[in-house]
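A.B. asks: Pasting a structure here, questions to come.
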Amino acid sequence: MIRLRALLLMLWAAILAVAAPALAQDKRIALTFDDVPRGAGAFFSPEERSERLIAALREAGVAQAAFFVTTENLDTPDGAGGEARIAAYVAAGHVIANHSHSHWHTDETGAADYLADLDRAAAWLKGRPGYRPWFRFPFLDEGGRDAERRDALRAGLAARGLRNGYVTADGSDWHLEQLTIDAKRAGKPMDMAALRKLYLQSQMSGIAYHDALARRTLGRSPPHVMLLHETDLAALFIADLVAELRKDGWTIITADEAYADAELAAAMPTVPHTSGTLTGMIAWERSVQPPYAPLWMSTEVMSWLFEAKVLPKAP
């Protein structure tokens with residue numbers, strides 16, 4: 001146990017080092033949010049969260065973020081009023097896109113049923129203001145180990161005039177959000193200042209890691225697409241995250257601008273397991289030295305960091 005804690009403390013130190021400001025360069029990033037509309041989190045109702053997130057993005061000067069809609073969520077109790085909340089995002093200048101109806105892994109069904117499921121979401125989205133013809137694979141899973149399924153799904157998107165709503169940077173915000181929900185349900189108090197710090201450090205270091213990987217792989221920093229989720233943590237801390245990004249030399253761009261990158265838009269990596277960030281898959285295809293995601297993003301390490309930093313110690 002002592003050795004494990006020592007290792008994790010070293011990883012924590014690495015997070016701080018990676019998150020340190022880089023040399024000034026042309027660094028651009030778009031903010032995107034998945035699983036809209038999500039269920040209630042640890043701190044807000046869905047309505048409160050949407051209002052706070054819209055206000056925070058406005059406060060931060062983010063003209064356009066992208067919200068990827070999972071239409072099945074509208075049928076849940078927490079999804080009540082979700083259509084109005086999605087419309088409010090669009091009214092605030094943001095855009096919406098397809099994240100499927102059922103949020104399946106690709107191995108949960110055949111290619112035909114998977115495509116029919118995304119068609120169901122497309123039928124809901126079609127014609128709505130702010131809609132973009134992008135499809136983001138749930139779990140960033142384009143087919144996993146099944147090359148035949150991968151190719152069928154990619155062909156299905158092309159036939160429908162949909163583009164892959166790929167991701168180039170990730171900070172595992174979904175797991176940190178779940179840890180707060182679990183702590184709230186267990187009646188455990190949380191150190192909100194420490195939670196803010198962990199959120200910002202994890203997201204900033206995730207971006208820095210994937211940008212470094214992109215530079216090794218592509219020879220440049222591309223216009224990045226950041227994977228976030230419609231979470232209470234985003235509602236609390238997104239303005240702070242944007243401030244940290246700008247302090248580190250990043251320019252916040254729109255998803256329209258990011259997805260205009262010709263090289264990334266055309267990329268369809270052929271790798272043994274087609275899932276994860278596009279950055280990582282291209283690196284794997286080009287035999288760039290792994291790993292293709294930072295170790296601290298594992299649920300085990302993030303859980304330890306949350307317990308060690310955010311949950312107060314018992315007397």
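Following the order of the structure tokens, chains are lettered A, B, ..., residues in each are numbered from 1, and ligands are numbered from 1.
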As a PyMOL selection string, which residues of region 134-201 of chain A does DSSP assign to strand (DSSP E)?
C.D. replies: chain A and resi 134-135+141-144+163-164+169-170
A.B. asks: Output C-alpha atoms for every residue in the selection just made, as a compact mmCIF listing (two decimals), in the first residue's frame.
C.D. replies:
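Written output follows (again.txt):
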# COMPACT_ATOMS: atom_id res chain seq x y z
CA TRP A 134 -21.73 15.35 -36.92
CA PHE A 135 -22.00 11.99 -35.23
CA ASP A 141 -15.97 3.41 -30.00
CA GLU A 142 -15.91 3.16 -33.79
CA GLY A 143 -15.96 -0.62 -33.90
CA GLY A 144 -13.45 -1.80 -31.35
CA ARG A 163 -19.05 13.41 -40.35
CA ASN A 164 -17.28 11.79 -37.45
CA ALA A 169 -8.22 15.67 -26.25
CA ASP A 170 -9.81 14.17 -23.16
A.B. asks: Give me, as a ChimeraX atom specification, all polymer residues having an atom no more than 12 Å from Glu257 (chain A), counting only C-alpha atoms and skipping those fewer than 4 positions away in the same chain.
C.D. replies: /A:28-31,64-66,222-225,251-253,261-262,265
A.B. asks: Neighbouring residues of Arg216 (chain A) were defined as those with any atom within 9 Å, considering only C-alpha atoms; residues of the same chain fewer than 5 positions away were excluded. Please report them as an MDAnalysis selection string.
C.D. replies: chainID A and resid 211 283 288
A.B. asks: Please produce a file of those selected residues containing C-alpha atoms, as an mmCIF file, in the first residue's frame.
C.D. replies:
data_model
loop_
_atom_site.group_PDB
_atom_site.id
_atom_site.type_symbol
_atom_site.label_atom_id
_atom_site.label_comp_id
_atom_site.auth_asym_id
_atom_site.auth_seq_id
_atom_site.Cartn_x
_atom_site.Cartn_y
_atom_site.Cartn_z
ATOM 1 C CA ASP A 211 -1.396 18.084 -27.657
ATOM 2 C CA ALA A 283 -0.436 7.755 -33.252
ATOM 3 C CA VAL A 288 4.371 6.526 -32.440
#
A.B. asks: What's around Leu125 (chain A) at 12 Å? Count only C-alpha atoms, leave out sequence neighbours fewer than 2 positions away in its own chain, and write the answer as number ranges by chain.
C.D. replies: A: 67-71, 83, 86-87, 95-101, 118-123, 127-135
A.B. asks: Name all residues at most 8 Å from Leu200 (chain A) (count only C-alpha atoms; drop same-chain ones fewer than 3 positions away) and give them as a PyMOL selection string.
C.D. replies: chain A and resi 196-197+203-204+237+240-241+244
A.B. asks: Excluding Ser303 (chain A) and residues on its chain fewer than 3 positions from it, collect all residues at most 8 Å away from it, counting only C-alpha atoms, and give them as number ranges by chain.
C.D. replies: A: 176, 179, 299-300, 306-307
A.B. asks: Which residue, A:Glu263, A:Asp173, A:Glu51, A:Glu285, has the smallest gap to Met226 (chain A) when you use only C-alpha atoms?
C.D. replies: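 So, comparing all the options, the nearest one is A:Asp173.
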A.B. asks: Per DSSP on the backbone, what are the helix (DSSP H, G or I) residues of region 66-291 of chain A, as a short mmCIF file (atom, residue, chain, number, x, y, z; two decimals) with N, CA and C atoms, in the first residue's frame?
C.D. replies:
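Result written to result.cif:
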data_model
loop_
_atom_site.label_atom_id
_atom_site.label_comp_id
_atom_site.auth_asym_id
_atom_site.auth_seq_id
_atom_site.Cartn_x
_atom_site.Cartn_y
_atom_site.Cartn_z
N THR A 71 -30.64 11.14 -27.58
CA THR A 71 -32.06 11.42 -27.50
C THR A 71 -32.82 10.51 -26.53
N GLU A 72 -32.32 9.32 -26.24
CA GLU A 72 -32.98 8.46 -25.27
C GLU A 72 -33.04 9.12 -23.89
N ASN A 73 -32.07 9.97 -23.58
CA ASN A 73 -32.07 10.66 -22.29
C ASN A 73 -33.30 11.53 -22.10
N LEU A 74 -33.91 11.95 -23.21
CA LEU A 74 -35.12 12.77 -23.11
C LEU A 74 -36.29 11.98 -22.54
N ASP A 75 -36.21 10.65 -22.62
CA ASP A 75 -37.31 9.80 -22.16
C ASP A 75 -37.20 9.42 -20.69
N PRO A 77 -36.84 10.37 -16.43
CA PRO A 77 -37.40 11.42 -15.56
C PRO A 77 -36.57 12.70 -15.56
N ASP A 78 -35.25 12.58 -15.53
CA ASP A 78 -34.40 13.77 -15.54
C ASP A 78 -34.37 14.44 -16.91
N GLY A 79 -34.85 13.73 -17.92
CA GLY A 79 -34.89 14.31 -19.25
C GLY A 79 -36.09 15.21 -19.48
N GLY A 82 -35.91 18.52 -21.21
CA GLY A 82 -34.63 18.50 -21.91
C GLY A 82 -34.66 19.20 -23.25
N GLU A 83 -35.78 19.09 -23.97
CA GLU A 83 -35.88 19.75 -25.26
C GLU A 83 -35.74 21.26 -25.11
N ALA A 84 -36.36 21.81 -24.08
CA ALA A 84 -36.25 23.25 -23.84
C ALA A 84 -34.83 23.64 -23.46
N ARG A 85 -34.16 22.78 -22.69
CA ARG A 85 -32.79 23.10 -22.28
C ARG A 85 -31.85 23.06 -23.50
N ILE A 86 -32.08 22.09 -24.38
CA ILE A 86 -31.27 22.03 -25.61
C ILE A 86 -31.51 23.27 -26.46
N ALA A 87 -32.76 23.67 -26.57
CA ALA A 87 -33.07 24.89 -27.33
C ALA A 87 -32.41 26.11 -26.71
N ALA A 88 -32.30 26.12 -25.38
CA ALA A 88 -31.65 27.25 -24.71
C ALA A 88 -30.17 27.32 -25.05
N TYR A 89 -29.52 26.16 -25.17
CA TYR A 89 -28.12 26.16 -25.60
C TYR A 89 -27.99 26.80 -26.98
N VAL A 90 -28.86 26.41 -27.88
CA VAL A 90 -28.81 26.95 -29.24
C VAL A 90 -29.10 28.45 -29.25
N ALA A 91 -30.08 28.86 -28.47
CA ALA A 91 -30.42 30.28 -28.39
C ALA A 91 -29.25 31.11 -27.87
N THR A 106 -20.39 -0.32 -29.72
CA THR A 106 -20.65 -0.93 -31.03
C THR A 106 -20.81 -2.44 -30.95
N ASP A 107 -20.23 -3.08 -29.92
CA ASP A 107 -20.36 -4.53 -29.83
C ASP A 107 -21.67 -4.98 -29.18
N GLU A 108 -22.53 -4.03 -28.81
CA GLU A 108 -23.81 -4.39 -28.21
C GLU A 108 -24.86 -4.73 -29.25
N ALA A 111 -24.24 -3.83 -36.99
CA ALA A 111 -24.05 -2.53 -37.63
C ALA A 111 -25.38 -1.94 -38.10
N ALA A 112 -26.27 -2.78 -38.65
CA ALA A 112 -27.54 -2.26 -39.16
C ALA A 112 -28.38 -1.66 -38.04
N ASP A 113 -28.46 -2.35 -36.90
CA ASP A 113 -29.24 -1.83 -35.78
C ASP A 113 -28.59 -0.59 -35.18
N TYR A 114 -27.27 -0.56 -35.16
CA TYR A 114 -26.56 0.60 -34.63
C TYR A 114 -26.86 1.82 -35.49
N LEU A 115 -26.83 1.65 -36.81
CA LEU A 115 -27.12 2.76 -37.71
C LEU A 115 -28.58 3.19 -37.62
N ALA A 116 -29.48 2.23 -37.43
CA ALA A 116 -30.89 2.58 -37.25
C ALA A 116 -31.08 3.41 -35.97
N ASP A 117 -30.28 3.09 -34.95
CA ASP A 117 -30.36 3.83 -33.69
C ASP A 117 -29.90 5.27 -33.88
N LEU A 118 -28.83 5.49 -34.60
CA LEU A 118 -28.39 6.86 -34.81
C LEU A 118 -29.36 7.59 -35.74
N ASP A 119 -30.02 6.84 -36.64
CA ASP A 119 -31.05 7.46 -37.47
C ASP A 119 -32.21 7.97 -36.62
N ARG A 120 -32.52 7.25 -35.55
CA ARG A 120 -33.60 7.67 -34.66
C ARG A 120 -33.26 9.01 -34.02
N ALA A 121 -32.00 9.16 -33.60
CA ALA A 121 -31.57 10.45 -33.06
C ALA A 121 -31.56 11.52 -34.15
N ALA A 122 -31.15 11.14 -35.35
CA ALA A 122 -31.09 12.10 -36.46
C ALA A 122 -32.47 12.63 -36.79
N ALA A 123 -33.49 11.78 -36.68
CA ALA A 123 -34.85 12.21 -36.98
C ALA A 123 -35.30 13.29 -35.99
N TRP A 124 -34.88 13.17 -34.75
CA TRP A 124 -35.22 14.18 -33.74
C TRP A 124 -34.46 15.48 -34.01
N LEU A 125 -33.22 15.37 -34.42
CA LEU A 125 -32.37 16.54 -34.60
C LEU A 125 -32.64 17.29 -35.90
N PRO A 138 -20.61 6.97 -29.24
CA PRO A 138 -20.58 6.80 -27.79
C PRO A 138 -19.35 6.01 -27.35
N PHE A 139 -18.76 6.42 -26.26
CA PHE A 139 -17.53 5.82 -25.73
C PHE A 139 -16.35 5.98 -26.71
N LEU A 140 -16.52 6.84 -27.73
CA LEU A 140 -15.50 7.00 -28.80
C LEU A 140 -15.16 5.65 -29.41
N ALA A 147 -13.12 -5.12 -37.34
CA ALA A 147 -12.82 -4.26 -38.49
C ALA A 147 -14.00 -4.20 -39.45
N GLU A 148 -14.72 -5.31 -39.60
CA GLU A 148 -15.86 -5.32 -40.51
C GLU A 148 -16.95 -4.37 -40.02
N ARG A 149 -17.23 -4.40 -38.71
CA ARG A 149 -18.23 -3.49 -38.15
C ARG A 149 -17.76 -2.04 -38.27
N ARG A 150 -16.50 -1.81 -37.96
CA ARG A 150 -15.93 -0.46 -38.08
C ARG A 150 -16.16 0.10 -39.48
N ASP A 151 -15.81 -0.67 -40.49
CA ASP A 151 -15.93 -0.20 -41.87
C ASP A 151 -17.38 0.01 -42.26
N ALA A 152 -18.27 -0.86 -41.76
CA ALA A 152 -19.70 -0.70 -42.07
C ALA A 152 -20.25 0.58 -41.44
N LEU A 153 -19.83 0.87 -40.23
CA LEU A 153 -20.31 2.08 -39.57
C LEU A 153 -19.74 3.33 -40.22
N ARG A 154 -18.49 3.29 -40.58
CA ARG A 154 -17.91 4.45 -41.26
C ARG A 154 -18.60 4.69 -42.60
N ALA A 155 -18.88 3.61 -43.33
CA ALA A 155 -19.59 3.75 -44.61
C ALA A 155 -21.01 4.25 -44.38
N GLY A 156 -21.64 3.79 -43.28
CA GLY A 156 -22.99 4.24 -42.97
C GLY A 156 -23.05 5.73 -42.68
N LEU A 157 -22.06 6.24 -41.98
CA LEU A 157 -22.02 7.68 -41.72
C LEU A 157 -21.87 8.44 -43.03
N ALA A 158 -20.96 7.98 -43.88
CA ALA A 158 -20.73 8.68 -45.15
C ALA A 158 -21.99 8.68 -46.01
N ALA A 159 -22.70 7.56 -46.03
CA ALA A 159 -23.92 7.47 -46.83
C ALA A 159 -24.99 8.42 -46.34
N ASP A 173 -13.46 13.73 -17.54
CA ASP A 173 -14.32 14.48 -16.62
C ASP A 173 -15.53 13.67 -16.17
N TRP A 174 -15.97 12.73 -16.99
CA TRP A 174 -17.15 11.92 -16.66
C TRP A 174 -16.94 11.12 -15.37
N HIS A 175 -15.71 10.61 -15.19
CA HIS A 175 -15.47 9.79 -14.00
C HIS A 175 -15.38 10.66 -12.75
N LEU A 176 -14.76 11.81 -12.88
CA LEU A 176 -14.70 12.72 -11.74
C LEU A 176 -16.11 13.15 -11.34
N GLU A 177 -16.96 13.40 -12.32
CA GLU A 177 -18.36 13.72 -12.03
C GLU A 177 -19.04 12.59 -11.28
N GLN A 178 -18.82 11.34 -11.72
CA GLN A 178 -19.46 10.21 -11.06
C GLN A 178 -18.98 10.06 -9.62
N LEU A 179 -17.73 10.36 -9.38
CA LEU A 179 -17.20 10.29 -8.01
C LEU A 179 -17.91 11.29 -7.10
N THR A 180 -18.24 12.47 -7.63
CA THR A 180 -18.96 13.45 -6.80
C THR A 180 -20.38 12.98 -6.52
N ILE A 181 -21.01 12.35 -7.51
CA ILE A 181 -22.37 11.83 -7.31
C ILE A 181 -22.36 10.73 -6.25
N ASP A 182 -21.39 9.83 -6.35
CA ASP A 182 -21.29 8.75 -5.36
C ASP A 182 -21.04 9.29 -3.96
N ALA A 183 -20.18 10.31 -3.86
CA ALA A 183 -19.88 10.89 -2.55
C ALA A 183 -21.12 11.57 -1.96
N LYS A 184 -21.86 12.26 -2.80
CA LYS A 184 -23.08 12.94 -2.34
C LYS A 184 -24.09 11.92 -1.82
N ARG A 185 -24.28 10.83 -2.58
CA ARG A 185 -25.23 9.81 -2.17
C ARG A 185 -24.81 9.15 -0.86
N MET A 192 -14.65 21.65 -1.72
CA MET A 192 -14.95 22.19 -3.05
C MET A 192 -13.74 22.89 -3.68
N ALA A 193 -12.90 23.49 -2.86
CA ALA A 193 -11.69 24.11 -3.41
C ALA A 193 -10.76 23.04 -3.98
N ALA A 194 -10.64 21.91 -3.28
CA ALA A 194 -9.81 20.82 -3.76
C ALA A 194 -10.42 20.18 -5.00
N LEU A 195 -11.74 20.10 -5.04
CA LEU A 195 -12.43 19.54 -6.22
C LEU A 195 -12.18 20.42 -7.44
N ARG A 196 -12.30 21.72 -7.25
CA ARG A 196 -12.02 22.65 -8.36
C ARG A 196 -10.60 22.46 -8.86
N LYS A 197 -9.66 22.35 -7.94
CA LYS A 197 -8.26 22.20 -8.32
C LYS A 197 -8.04 20.90 -9.09
N LEU A 198 -8.64 19.81 -8.62
CA LEU A 198 -8.48 18.53 -9.29
C LEU A 198 -9.11 18.56 -10.68
N TYR A 199 -10.29 19.17 -10.78
CA TYR A 199 -10.94 19.28 -12.09
C TYR A 199 -10.06 20.05 -13.07
N LEU A 200 -9.57 21.21 -12.65
CA LEU A 200 -8.76 22.03 -13.56
C LEU A 200 -7.46 21.33 -13.93
N GLN A 201 -6.80 20.72 -12.95
CA GLN A 201 -5.53 20.06 -13.24
C GLN A 201 -5.72 18.85 -14.14
N SER A 202 -6.77 18.09 -13.90
CA SER A 202 -6.99 16.90 -14.73
C SER A 202 -7.32 17.29 -16.18
N GLN A 203 -8.14 18.32 -16.36
CA GLN A 203 -8.49 18.73 -17.72
C GLN A 203 -7.30 19.39 -18.43
N MET A 204 -6.58 20.24 -17.73
CA MET A 204 -5.43 20.90 -18.35
C MET A 204 -4.34 19.91 -18.70
N SER A 205 -4.08 18.96 -17.82
CA SER A 205 -3.02 17.99 -18.12
C SER A 205 -3.46 17.04 -19.22
N GLY A 206 -4.77 16.72 -19.28
CA GLY A 206 -5.26 15.90 -20.38
C GLY A 206 -5.06 16.59 -21.72
N ILE A 207 -5.34 17.87 -21.76
CA ILE A 207 -5.14 18.64 -22.99
C ILE A 207 -3.66 18.71 -23.35
N ALA A 208 -2.82 19.00 -22.37
CA ALA A 208 -1.38 19.10 -22.63
C ALA A 208 -0.83 17.77 -23.14
N TYR A 209 -1.26 16.67 -22.52
CA TYR A 209 -0.78 15.35 -22.93
C TYR A 209 -1.16 15.07 -24.39
N HIS A 210 -2.42 15.30 -24.72
CA HIS A 210 -2.86 14.96 -26.07
C HIS A 210 -2.30 15.93 -27.12
N ASP A 211 -2.04 17.17 -26.72
CA ASP A 211 -1.40 18.08 -27.66
C ASP A 211 0.03 17.64 -27.94
N ALA A 212 0.75 17.21 -26.89
CA ALA A 212 2.11 16.71 -27.10
C ALA A 212 2.10 15.47 -28.00
N LEU A 213 1.12 14.58 -27.79
CA LEU A 213 0.99 13.39 -28.63
C LEU A 213 0.70 13.78 -30.07
N ALA A 214 -0.17 14.77 -30.27
CA ALA A 214 -0.49 15.24 -31.62
C ALA A 214 0.74 15.82 -32.30
N ARG A 215 1.54 16.58 -31.54
CA ARG A 215 2.74 17.17 -32.14
C ARG A 215 3.73 16.08 -32.57
N ARG A 216 3.86 15.04 -31.75
CA ARG A 216 4.75 13.93 -32.14
C ARG A 216 4.21 13.18 -33.35
N THR A 217 2.90 13.10 -33.46
CA THR A 217 2.27 12.31 -34.51
C THR A 217 2.11 13.08 -35.81
N LEU A 218 1.61 14.31 -35.71
CA LEU A 218 1.28 15.10 -36.89
C LEU A 218 2.34 16.12 -37.25
N ASP A 232 -22.32 18.75 -13.70
CA ASP A 232 -22.32 19.80 -12.68
C ASP A 232 -20.94 20.42 -12.55
N LEU A 233 -19.90 19.60 -12.71
CA LEU A 233 -18.54 20.13 -12.60
C LEU A 233 -18.27 21.16 -13.69
N ALA A 234 -18.78 20.92 -14.89
CA ALA A 234 -18.63 21.90 -15.96
C ALA A 234 -19.37 23.19 -15.60
N ALA A 235 -20.59 23.03 -15.07
CA ALA A 235 -21.35 24.22 -14.67
C ALA A 235 -20.62 25.02 -13.60
N LEU A 236 -19.92 24.34 -12.72
CA LEU A 236 -19.19 25.00 -11.65
C LEU A 236 -17.89 25.64 -12.13
N PHE A 237 -17.18 24.94 -13.00
CA PHE A 237 -15.77 25.30 -13.21
C PHE A 237 -15.38 25.59 -14.66
N ILE A 238 -16.32 25.60 -15.61
CA ILE A 238 -15.91 25.78 -17.01
C ILE A 238 -15.31 27.16 -17.25
N ALA A 239 -15.84 28.19 -16.58
CA ALA A 239 -15.25 29.52 -16.76
C ALA A 239 -13.81 29.55 -16.24
N ASP A 240 -13.56 28.84 -15.14
CA ASP A 240 -12.20 28.75 -14.62
C ASP A 240 -11.30 27.99 -15.59
N LEU A 241 -11.84 26.93 -16.19
CA LEU A 241 -11.05 26.15 -17.15
C LEU A 241 -10.68 26.99 -18.36
N VAL A 242 -11.63 27.75 -18.87
CA VAL A 242 -11.34 28.61 -20.01
C VAL A 242 -10.26 29.64 -19.65
N ALA A 243 -10.35 30.18 -18.45
CA ALA A 243 -9.33 31.14 -18.01
C ALA A 243 -7.95 30.49 -17.95
N GLU A 244 -7.88 29.26 -17.44
CA GLU A 244 -6.62 28.54 -17.39
C GLU A 244 -6.08 28.25 -18.79
N LEU A 245 -6.97 27.88 -19.69
CA LEU A 245 -6.55 27.62 -21.07
C LEU A 245 -5.95 28.87 -21.69
N ARG A 246 -6.61 29.98 -21.54
CA ARG A 246 -6.10 31.22 -22.13
C ARG A 246 -4.79 31.63 -21.49
N LYS A 247 -4.67 31.42 -20.20
CA LYS A 247 -3.41 31.74 -19.53
C LYS A 247 -2.28 30.89 -20.07
N ALA A 255 -16.40 24.59 -32.78
CA ALA A 255 -16.28 23.24 -33.34
C ALA A 255 -16.30 23.30 -34.86
N ASP A 256 -17.02 24.25 -35.44
CA ASP A 256 -17.01 24.42 -36.90
C ASP A 256 -15.58 24.63 -37.39
N GLU A 257 -14.84 25.47 -36.70
CA GLU A 257 -13.45 25.73 -37.09
C GLU A 257 -12.59 24.49 -36.90
N ALA A 258 -12.76 23.81 -35.79
CA ALA A 258 -11.93 22.64 -35.51
C ALA A 258 -12.16 21.54 -36.54
N ALA A 262 -8.56 19.63 -42.63
CA ALA A 262 -8.69 18.65 -43.70
C ALA A 262 -8.03 17.32 -43.36
N GLU A 263 -6.86 17.37 -42.74
CA GLU A 263 -6.14 16.13 -42.43
C GLU A 263 -6.92 15.27 -41.44
N LEU A 264 -7.40 15.88 -40.39
CA LEU A 264 -8.12 15.12 -39.38
C LEU A 264 -9.50 14.69 -39.88
N ALA A 265 -10.14 15.54 -40.67
CA ALA A 265 -11.46 15.19 -41.20
C ALA A 265 -11.40 13.95 -42.09
N ALA A 266 -10.28 13.77 -42.77
CA ALA A 266 -10.14 12.63 -43.68
C ALA A 266 -9.58 11.39 -43.00
N LEU A 278 -9.03 10.50 -31.59
CA LEU A 278 -8.45 10.38 -32.92
C LEU A 278 -6.94 10.56 -32.86
N THR A 279 -6.50 11.43 -31.96
CA THR A 279 -5.07 11.63 -31.74
C THR A 279 -4.38 10.31 -31.43
N GLY A 280 -4.94 9.57 -30.49
CA GLY A 280 -4.34 8.31 -30.09
C GLY A 280 -4.37 7.27 -31.18
N MET A 281 -5.48 7.20 -31.92
CA MET A 281 -5.57 6.19 -32.98
C MET A 281 -4.59 6.47 -34.12
N ILE A 282 -4.43 7.73 -34.49
CA ILE A 282 -3.46 8.06 -35.54
C ILE A 282 -2.05 7.75 -35.06
N ALA A 283 -1.76 8.06 -33.81
CA ALA A 283 -0.44 7.75 -33.25
C ALA A 283 -0.16 6.26 -33.31
N TRP A 284 -1.15 5.47 -32.94
CA TRP A 284 -1.00 4.00 -32.99
C TRP A 284 -0.77 3.54 -34.41
N GLU A 285 -1.54 4.07 -35.36
CA GLU A 285 -1.39 3.67 -36.76
C GLU A 285 -0.01 4.01 -37.30
#
A.B. asks: If you count only C-alpha atoms, which residues fall within 7 Å of Asp191 (chain A), apart from same-chain ones fewer than 5 positions away, as a list in words?
C.D. replies: Val310, Leu311 and Pro312 of chain A
A.B. asks: With only C-alpha atoms as the basis for distance, which of A:His229, A:Arg160, A:Arg286, A:Lys309 is at the shortest distance from Met190 (chain A)?
C.D. replies: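 With only C-alpha atoms as the atom set, the closest residue is A:Lys309.
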A.B. asks: For each of A:Val167, A:Ser287, A:Asp26, A:Leu162, take the minimum atom-to-atom distance to Thr270 (chain A), counting only C-alpha atoms, then give the residue where this is smallest.
C.D. replies: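 Using only C-alpha atoms, Thr270 (chain A) sits closest to A:Ser287.
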A.B. asks: Please indicate the distance in Å from CA of Ser50 (chain A) to CA of Thr254 (chain A), rounded to one decimal place.
C.D. replies: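 Straight-line distance from CA of Ser50 (chain A) to CA of Thr254 (chain A) works out to 19.3 Å.
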A.B. asks: Which one is closest to Phe137 (chain A): A:His273, A:Arg38, A:Lys27, A:His105? Count only C-alpha atoms.
C.D. replies: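 Closest residue, counting only C-alpha atoms: A:His105.
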A.B. asks: So the first atom is CA of Ala56 (chain A) and the second is CA of Ala42 (chain A); what is the distance between them in Å, to one decimal place?
C.D. replies: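 Computing the Euclidean distance for CA of Ala56 (chain A) and CA of Ala42 (chain A) yields 18.1 Å.
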